[in-house]
Each structure stands twice: as C-alpha cells, then as structure tokens.
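Student: Structure file structure.txt (compact mmCIF, C-alpha atoms) is given on the next line.
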```txt
# COMPACT_ATOMS: atom_id res chain seq x y z
CA ALA T 19 13.33 -11.32 -180.27
CA LEU T 20 16.55 -9.30 -180.29
CA GLY T 21 14.69 -6.15 -179.25
CA LEU T 22 12.82 -7.95 -176.48
CA ALA T 23 16.08 -9.46 -175.24
CA LEU T 24 17.62 -5.99 -174.94
CA MET T 25 14.49 -4.69 -173.21
CA ALA T 26 14.63 -7.55 -170.73
CA LEU T 27 18.34 -7.24 -169.95
CA THR T 28 19.15 -3.53 -170.02
CA SER T 29 18.06 -0.07 -168.96
CA PRO T 30 18.63 3.24 -170.81
CA GLY T 31 22.24 4.34 -170.83
CA ALA T 32 23.68 0.84 -170.38
CA ALA T 33 26.59 -0.42 -172.45
CA VAL T 34 26.12 -3.42 -174.74
CA ALA T 35 29.13 -5.12 -176.32
CA VAL T 36 28.72 -5.97 -180.02
CA GLU T 37 30.84 -7.50 -182.74
CA SER T 38 32.47 -5.18 -185.25
CA PRO T 39 31.09 -5.45 -187.86
CA CYS T 40 27.72 -6.67 -186.60
CA PHE T 41 24.15 -7.03 -187.86
CA PHE T 42 22.79 -3.49 -188.19
CA GLY T 43 19.42 -4.49 -186.71
CA ILE T 44 20.94 -4.90 -183.26
CA LEU T 45 22.53 -1.45 -183.58
CA GLN T 46 19.13 0.03 -184.46
CA TRP T 47 17.60 -1.53 -181.34
CA ILE T 48 20.47 -0.27 -179.19
CA GLU T 49 19.93 3.26 -180.47
CA THR T 50 16.14 3.06 -180.11
CA LEU T 51 16.39 1.92 -176.49
CA GLY T 52 18.90 4.61 -175.51
CA LEU T 53 21.75 2.16 -175.00
CA ARG T 54 25.43 2.47 -175.90
CA ALA T 55 27.15 0.08 -178.31
CA VAL T 56 30.71 -0.96 -177.43
CA GLU T 57 32.37 -2.41 -180.52
CA ILE T 58 34.67 -5.43 -180.18
CA ALA T 59 36.99 -6.35 -183.04
CA THR T 60 35.80 -9.47 -184.86
CA ASP T 61 37.90 -11.78 -187.02
CA PRO T 62 36.30 -13.02 -190.28
CA HIS T 63 37.36 -16.60 -189.51
CA HIS T 64 37.38 -17.01 -185.72
CA GLY T 65 34.87 -14.47 -184.44
CA ILE T 66 34.88 -11.93 -181.66
CA ASP T 67 38.22 -11.04 -180.05
CA ILE T 68 37.74 -12.53 -176.58
CA ASP T 69 40.95 -10.97 -175.23
CA GLU T 70 39.71 -7.49 -176.19
CA LEU T 71 36.29 -8.29 -174.76
CA GLU T 72 37.86 -9.25 -171.44
CA ARG T 73 39.95 -6.05 -171.35
CA ILE T 74 36.94 -3.86 -172.09
CA ALA T 75 34.80 -5.67 -169.52
CA GLU T 76 37.40 -4.85 -166.89
CA ALA T 77 37.15 -1.14 -167.66
CA THR T 78 33.49 -0.78 -168.69
CA PRO T 79 30.44 -2.27 -166.96
CA LEU T 80 28.58 -4.24 -169.64
CA ALA T 81 24.87 -4.98 -169.40
CA ALA T 82 24.99 -7.61 -172.15
CA LEU T 83 26.94 -9.00 -175.09
CA ALA T 84 25.13 -9.40 -178.42
CA LEU T 85 26.66 -11.57 -181.10
CA ASN T 86 25.98 -13.85 -184.08
CA PRO T 87 28.58 -16.64 -183.73
CA THR T 88 27.18 -19.18 -186.23
CA PHE T 89 27.37 -18.11 -189.89
CA HIS T 90 27.86 -14.54 -188.86
CA ASN T 91 26.13 -11.64 -190.54
CA PRO T 92 27.98 -10.18 -192.46
CA PHE T 93 31.22 -12.28 -192.38
CA GLY T 94 29.67 -15.76 -192.69
CA PHE T 95 32.11 -17.56 -190.34
CA ALA T 96 31.19 -20.14 -187.71
CA MET T 97 32.96 -19.53 -184.41
CA PRO T 98 35.15 -22.56 -183.54
CA PRO T 99 33.89 -24.73 -180.65
CA GLU T 100 36.95 -24.02 -178.51
CA ALA T 101 36.37 -20.29 -178.86
CA MET T 102 32.70 -20.73 -177.96
CA GLY T 103 33.70 -22.65 -174.85
CA ARG T 104 36.13 -19.92 -173.81
CA LEU T 105 33.56 -17.21 -174.45
CA MET T 106 30.94 -19.05 -172.41
CA ALA T 107 33.37 -19.52 -169.52
CA PHE T 108 34.04 -15.77 -169.58
CA ALA T 109 30.31 -14.95 -169.58
CA GLU T 110 29.67 -17.28 -166.65
CA ARG T 111 32.61 -15.89 -164.71
CA ARG T 112 31.48 -12.29 -165.30
CA ARG T 113 27.77 -13.15 -164.97
CA LEU T 114 27.31 -11.41 -168.32
CA PRO T 115 24.09 -12.01 -170.28
CA VAL T 116 24.74 -13.03 -173.89
CA ILE T 117 22.19 -12.41 -176.65
CA GLU T 118 22.82 -15.01 -179.36
CA ASP T 119 21.42 -14.27 -182.82
CA ASP T 120 21.25 -17.60 -184.68
CA VAL T 121 19.09 -17.01 -187.77
CA TYR T 122 21.51 -18.71 -190.20
CA GLY T 123 22.54 -21.68 -188.06
CA GLU T 124 20.55 -24.25 -190.05
CA LEU T 125 21.99 -23.16 -193.40
CA HIS T 126 25.42 -24.82 -193.21
CA HIS T 127 27.13 -25.50 -196.53
CA ALA T 128 29.42 -28.48 -196.02
CA GLY T 129 26.99 -30.89 -194.39
CA ARG T 130 28.52 -30.30 -190.96
CA VAL T 131 26.05 -29.15 -188.33
CA ARG T 132 27.42 -26.33 -186.16
CA SER T 133 26.33 -26.19 -182.53
CA PRO T 134 25.18 -22.77 -181.29
CA LEU T 135 26.75 -20.98 -178.36
CA LYS T 136 23.63 -21.95 -176.40
CA SER T 137 24.81 -25.57 -176.42
CA PHE T 138 27.76 -24.51 -174.22
CA ASP T 139 25.48 -22.68 -171.75
CA ARG T 140 25.27 -24.56 -168.43
CA GLU T 141 23.83 -21.78 -166.28
CA GLY T 142 21.31 -20.02 -168.53
CA TRP T 143 23.32 -16.91 -169.37
CA VAL T 144 22.56 -17.15 -173.11
CA PHE T 145 19.38 -15.50 -174.38
CA TYR T 146 19.00 -17.47 -177.62
CA CYS T 147 17.14 -15.91 -180.58
CA SER T 148 16.30 -17.49 -183.92
CA SER T 149 13.85 -17.12 -186.79
CA PHE T 150 12.22 -18.78 -189.77
CA SER T 151 12.69 -15.63 -191.86
CA LYS T 152 15.97 -16.82 -193.41
CA THR T 153 15.01 -20.46 -193.88
CA LEU T 154 11.34 -20.53 -194.83
CA ALA T 155 9.21 -17.42 -195.29
CA PRO T 156 10.64 -13.90 -194.86
CA GLY T 157 7.16 -12.42 -195.02
CA PHE T 158 6.00 -14.36 -191.95
CA ARG T 159 8.46 -12.41 -189.73
CA ILE T 160 8.19 -15.17 -187.13
CA GLY T 161 11.04 -15.59 -184.69
CA TRP T 162 11.47 -17.42 -181.43
CA CYS T 163 13.74 -17.41 -178.41
CA VAL T 164 14.97 -19.40 -175.41
CA PRO T 165 15.57 -16.77 -172.70
CA GLY T 166 17.33 -19.02 -170.19
CA ARG T 167 17.48 -17.55 -166.69
CA PHE T 168 15.89 -14.35 -168.00
CA ALA T 169 12.44 -15.83 -168.68
CA GLU T 170 10.57 -13.64 -166.16
CA SER T 171 12.07 -10.36 -167.37
CA PHE T 172 11.45 -11.48 -170.95
CA GLU T 173 7.76 -12.11 -170.21
CA ARG T 174 7.45 -8.62 -168.72
CA ALA T 175 9.03 -7.09 -171.82
CA ARG T 176 6.88 -9.19 -174.13
CA ALA T 177 3.51 -8.52 -172.49
CA PRO T 178 2.82 -5.17 -174.26
CA CYS T 179 3.65 -6.80 -177.62
CA ASN T 180 1.13 -9.65 -177.49
CA ALA T 181 -1.45 -7.75 -179.53
CA GLY T 182 0.87 -7.94 -182.53
CA VAL T 183 1.45 -11.69 -182.47
CA THR T 184 0.49 -13.32 -185.80
CA THR T 185 -1.52 -16.24 -184.41
CA LEU T 186 -2.79 -17.58 -187.73
CA THR T 187 0.61 -17.69 -189.45
CA GLN T 188 2.19 -19.21 -186.36
CA ARG T 189 -0.43 -21.96 -186.41
CA ALA T 190 0.13 -22.58 -190.12
CA LEU T 191 3.88 -22.79 -189.52
CA ALA T 192 3.39 -25.21 -186.61
CA VAL T 193 1.34 -27.52 -188.84
CA TYR T 194 4.02 -27.38 -191.55
CA LEU T 195 6.80 -28.19 -189.06
CA ASP T 196 4.91 -31.27 -187.83
CA GLY T 197 6.33 -33.46 -190.57
CA ARG T 198 9.31 -33.97 -192.86
CA ALA T 199 8.70 -31.17 -195.35
CA TYR T 200 10.77 -28.60 -193.47
CA ARG T 201 13.76 -30.95 -193.25
CA ARG T 202 13.63 -31.61 -197.01
CA HIS T 203 13.29 -27.87 -197.64
CA LEU T 204 16.38 -27.12 -195.54
CA GLU T 205 18.39 -29.78 -197.33
CA GLY T 206 17.54 -28.10 -200.63
CA LEU T 207 18.56 -24.67 -199.38
CA ARG T 208 21.85 -26.00 -198.02
CA ARG T 209 22.69 -27.60 -201.35
CA LEU T 210 21.77 -24.44 -203.25
CA PHE T 211 23.69 -21.94 -201.11
CA GLY T 212 26.66 -24.26 -200.65
CA SER T 213 26.97 -25.14 -204.34
CA GLN T 214 26.88 -21.56 -205.61
CA ALA T 215 29.03 -19.86 -202.96
CA SER T 216 32.31 -20.46 -204.81
CA ALA T 217 30.79 -19.24 -208.08
CA ILE T 218 29.62 -16.02 -206.42
CA ARG T 219 33.06 -15.44 -204.93
CA ALA T 220 34.74 -16.04 -208.29
CA LEU T 221 32.31 -13.70 -210.01
CA VAL T 222 33.04 -10.89 -207.55
CA LEU T 223 36.81 -11.33 -207.81
CA GLU T 224 36.54 -11.33 -211.60
CA SER T 225 34.23 -8.30 -211.85
CA PHE T 226 35.53 -5.93 -209.17
CA PRO T 227 38.71 -3.83 -208.95
CA ILE T 228 42.00 -5.69 -208.48
CA GLY T 229 42.68 -6.19 -204.78
CA THR T 230 39.05 -6.68 -203.81
CA LEU T 231 38.52 -9.21 -200.99
CA ILE T 232 35.46 -11.35 -200.31
CA SER T 233 34.64 -13.57 -197.36
CA GLU T 234 34.27 -17.37 -197.49
CA PRO T 235 31.02 -18.11 -195.63
CA GLY T 236 30.56 -21.56 -194.14
CA GLY T 237 26.80 -21.16 -194.18
CA GLY T 238 24.02 -18.75 -195.04
CA PHE T 239 23.98 -16.54 -198.12
CA VAL T 240 25.74 -13.28 -197.23
CA PHE T 241 29.22 -12.20 -198.36
CA TRP T 242 31.40 -9.39 -197.03
CA VAL T 243 33.22 -7.55 -199.81
CA GLU T 244 36.09 -5.10 -199.24
CA ILE T 245 37.24 -2.85 -202.08
CA PRO T 246 40.74 -1.33 -201.86
CA ALA T 247 40.65 1.96 -199.97
CA PRO T 248 39.92 4.74 -200.44
CA PHE T 249 36.41 3.95 -201.59
CA ASP T 250 33.12 5.75 -200.91
CA VAL T 251 30.78 2.82 -200.35
CA MET T 252 27.81 5.06 -199.54
CA ARG T 253 28.09 6.65 -202.98
CA PHE T 254 28.53 3.16 -204.43
CA SER T 255 25.27 2.10 -202.77
CA GLU T 256 23.44 5.10 -204.27
CA LEU T 257 24.71 4.30 -207.76
CA ALA T 258 23.74 0.65 -207.36
CA ILE T 259 20.21 1.56 -206.26
CA ALA T 260 19.88 3.76 -209.31
CA GLU T 261 20.38 0.59 -211.37
CA GLY T 262 17.89 -1.39 -209.30
CA ILE T 263 20.49 -3.25 -207.20
CA SER T 264 20.51 -3.20 -203.41
CA ILE T 265 23.56 -3.83 -201.21
CA ALA T 266 24.17 -3.09 -197.52
CA PRO T 267 27.02 -0.56 -197.13
CA GLY T 268 29.66 -1.25 -194.50
CA PRO T 269 29.11 1.78 -192.22
CA ILE T 270 25.64 0.54 -191.17
CA PHE T 271 27.34 -2.49 -189.59
CA SER T 272 29.29 -0.26 -187.21
CA ALA T 273 28.20 2.08 -184.42
CA SER T 274 31.17 4.31 -185.26
CA GLY T 275 30.49 4.34 -189.01
CA GLY T 276 33.56 2.34 -190.01
CA PHE T 277 34.05 0.00 -192.97
CA ASP T 278 33.57 2.76 -195.54
CA ASN T 279 35.19 0.62 -198.27
CA ALA T 280 33.13 -2.53 -197.60
CA PHE T 281 29.62 -3.83 -198.17
CA ARG T 282 27.46 -6.92 -197.61
CA LEU T 283 26.29 -8.80 -200.68
CA SER T 284 23.23 -11.01 -200.09
CA VAL T 285 22.36 -13.73 -202.60
CA GLY T 286 19.45 -15.50 -200.94
CA ARG T 287 18.18 -17.00 -204.19
CA ARG T 288 19.39 -19.08 -207.13
CA LEU T 289 22.32 -17.62 -209.08
CA THR T 290 20.43 -16.94 -212.31
CA PRO T 291 21.81 -15.00 -215.31
CA ASP T 292 19.96 -11.92 -214.02
CA VAL T 293 21.68 -12.18 -210.62
CA GLU T 294 25.05 -12.73 -212.29
CA ALA T 295 24.46 -9.64 -214.41
CA ALA T 296 23.62 -7.61 -211.29
CA ILE T 297 26.89 -8.66 -209.63
CA ARG T 298 28.82 -7.78 -212.77
CA SER T 299 27.09 -4.39 -212.80
CA LEU T 300 28.20 -3.79 -209.22
CA GLY T 301 31.76 -4.58 -210.27
CA ARG T 302 31.53 -2.19 -213.21
CA ILE T 303 30.27 0.61 -210.95
CA ALA T 304 33.11 -0.01 -208.51
CA ILE T 305 35.73 0.05 -211.27
CA GLU T 306 34.29 3.27 -212.71
CA MET T 307 34.44 4.86 -209.27
CA LYS T 308 38.06 3.76 -208.74
CA THR T 309 39.18 4.97 -212.17
CA GLY T 310 37.20 8.20 -212.04
CA ARG T 311 35.14 7.45 -215.13
```
Step by step, read the file and then write its structure as structure tokens.
Tutor:
Amino acid sequence: ALGLALMALTSPGAAVAVESPCFFGILQWIETLGLRAVEIATDPHHGIDIDELERIAEATPLAALALNPTFHNPFGFAMPPEAMGRLMAFAERRRLPVIEDDVYGELHHAGRVRSPLKSFDREGWVFYCSSFSKTLAPGFRIGWCVPGRFAESFERARAPCNAGVTTLTQRALAVYLDGRAYRRHLEGLRRLFGSQASAIRALVLESFPIGTLISEPGGGFVFWVEIPAPFDVMRFSELAIAEGISIAPGPIFSASGGFDNAFRLSVGRRLTPDVEAAIRSLGRIAIEMKTGR
C-alpha cells in the first residue's frame, strides 16, 4: 500500500518529506522509485516537527509527506490530537498529499483508542494505509488503504499488481473478521504488549551500558534504544546476529545514515525466559563493545 501510494502521488525525482527516524520500508520504496527523501526532525513524544516541515515546504516543492503518527515505528509515540489538527490544516493549505502508515493503531496499551490522522481529513488529502500483518497474521501480507481524493491514480498504479493479489487468504480473512473473534484477539494483544512494556524497558536499562535510553511506546511492540555515543551499531548488529538475535540498526531508519548509536528492538511476542535472555545478551554485547573487551 505504501509503495502504491508513492506510485500514485509522485514521479521520479520528486521530493517526499519523511520523519527522522522513519520506517525503513518507506525509504526503500523512495529509493526504488527514484524519489528523494527529505528528512524532518521527529520528537519521540510529540511527532514530526511541523515548524520545520513548514520551513522546508517553503523552500522545497514536496510531492508528498509520508508519516506514521500513531504508535510510530520506531519511537512508539502517538501524535497528540492538537498536533494532528495543525498538521492536517497545513496539508490542506499547501494541498500536500499525506501518506499515513497506521499498522500499529489498533495496538494501544492503556485502553485509550487513538484516532488516526485520517479522522482529521476533511478534503481527502490523506492516503491512509494499514495492514493485518502486525495484528493478526504476518505471513498473510495483507494490507489495505483508503486513498481519498487519489482513488483514480491509485487504481492506475494498482492495475499491474492485480495478478499478485492473494484472493484465497483475503477471503479467509474476510470470513474471520465477520464476527467477534478479531476483537477478542486484539484485546488479548493489547493486554500482552501493554503489560510487558515496562518490564522490557526495565530489562534494557538494567542490562545495557549506563546512560542508555529507551522509548516509552504507547502502543505496538517496538522500542527505540540509544546507547551513549560513540557506538558502532552496525557492528553491534553483526555481533547480535552471530548469536542468533536480530535487531534493526538505527542508520536504516534514516536516508542520511544517522542514528549510528541507536537501534529498534521489536518484541512482538510474549516475554518468555528465552526472550529475556536474548535482551540480556544484547546488553552484554553492548557493554563489551563499550569497554573494549
């Protein structure tokens, strides 16, 4: 859906504003389509810097803005409603298409439903994308979108992809959704991820070098971890993989290769003793790197 949104809204060489850090998948699509990513500073609590976005938009023609405002990947924040309203007013004023990635929106922790940016969209400028990959079945790879005023250009972009649509799994998913099972399933996931988030944070702070920071996600299951600089997170990733542990190093969340002392930790499953041991192993590797052992 994200790739089709970019195909529908841009042409090669166009500039697309993105959060910094942002989901690396959108950066891969931008590179594949011959576009240019323009990074906008993003706060781990409040979201994209709208003042900076406005300044850049004055100087650089933007074809679209791509962002993940609800339980952001990798920070985990939910953009406050007042900030969403201001951002939507800016997009309408500039007639700027906004690609909203909302794959974690249903996984809130505190029982408080967060409205997506799309709910503030009065004129159809938001191209809304979501998925069942984070909530139900990653292997299905089934997403969906609401393209707003861009429906015709979306259909043109989608036409060559129809041969790859998984009709059988979509039908099976539709049957499953026609009932209460999905709601009960989501309630279980919310309880699980919400209940273990503080334990994961405490485990990281206990196991990693002094001065390490970790985000406080309001939903989803990803955590952003920053180790005191200097720190070679790419080397850290290699050492972790050698022990059978996968993390997402910070530079892949940036078009300019920043965040070389940070990484995303995903815990999309129950915090079992094996998972705890893996997190402790990551901390040990980080300490050994910092102390030169």
Student: Which polymer residues, whether protein, DNA or RNA, lie within 12 Å of the coordinate (25.2, -2.8, -184.4) when you count all atoms listed in the file? List them as number ranges by chain, using the chain letters and numbers from the file.
Tutor: T: 20, 34-50, 53-58, 83-86, 91-92, 268-276
Student: Between T:Gly229, T:Gly157, T:Pro291, T:Pro248, single out the one closest to Thr187 in chain T, counting all atoms listed in the file.
Tutor: T:Gly157
Student: Tell me, in Å to one decimal, how far CA of Leu105 in chain T is from CA of Leu24 in chain T.
Tutor: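 We find that CA of Leu105 in chain T and CA of Leu24 in chain T lie 19.5 Å from each other.
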Student: Around the point (19.9, -28.2, -195.5) (coordinates from the file), which residues reach within 12 Å if we count only C-alpha atoms? Answer as a VMD selection string.
Tutor: chain T and resid 122 to 131 153 to 154 199 to 213 237 to 238
Student: Please, what distance in Å, to one decimal, runs between CA of Ile74 in chain T and CA of Ala33 in chain T?
Tutor: 10.9 Å
Student: Which residue out of T:Ala175, T:Leu186, T:Leu71, T:Leu135 has the minimum interatomic distance to Ala26 in chain T when all atoms listed in the file are used?
Tutor: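 Between T:Ala175, T:Leu186, T:Leu71, T:Leu135, the residue approaching Ala26 in chain T most closely is T:Ala175.
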Student: Is it possible to get the axis-aligned box enclosing range 201-209 of chain T (all listed atoms, 4 Å extra per side) as AutoDock Vina command-line options, with centre and edge lengths in Å rounded to one decimal?
Tutor:
```
--center_x 18.0 --center_y -28.1 --center_z -197.3 --size_x 17.4 --size_y 14.9 --size_z 16.1
```
Student: Would you pick out the contacts of range 109-119 of chain T at 8 Å or less, using only C-alpha atoms, so that residues sharing its chain but fewer than 6 positions from it are not included, and give the list as a list in words?
Tutor: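 That gives Leu20, Ala23, Leu27, Leu80, Ala81, Ala82, Leu83, Ala84, Leu85, Asn86, Pro87, Leu135, Lys136, Glu141, Trp143, Val144, Phe145, Tyr146, Cys147 and Ser148 of chain T.
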Student: Between CA of Asp139 in chain T and CA of Thr78 in chain T, measure the distance and give it in Å to one decimal.
Tutor: 23.5 Å
Student: Rank nothing, just name the residue among T:Asp250, T:Thr184, T:Gly94, T:Ala296 nearest to Phe158 in chain T, using all atoms listed in the file.
Tutor: T:Thr184
Student: Considering all atoms listed in the file, state which residue in the set T:Ala295, T:Ile263, T:Ala304, T:Pro79 is at the smallest distance from Val243 in chain T.
Tutor: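 Of all the options, T:Ala304 lies closest to Val243 in chain T.
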Student: From the list T:Glu234, T:Glu244, T:Asp278, T:Glu224, which residue is nearest Gly301 in chain T when using all atoms listed in the file?
Tutor: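 Nearest candidate to Gly301 in chain T out of T:Glu234, T:Glu244, T:Asp278, T:Glu224: T:Glu224.
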Student: With all atoms listed in the file as the atoms that count, which of T:Gly52, T:Ala32, T:Ser299, T:Pro227 lies nearest to Ala260 in chain T?
Tutor: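 Answer, going by the shortest atom-to-atom distance: T:Ser299.
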Student: Need to verify the contact set: Arg189 in chain T, 12 Å, only C-alpha atoms, exclusion of same-chain residues closer than 6 positions in sequence. Can you return it as a ChimeraX atom specification?
Tutor: /T:158,160,183,195-196
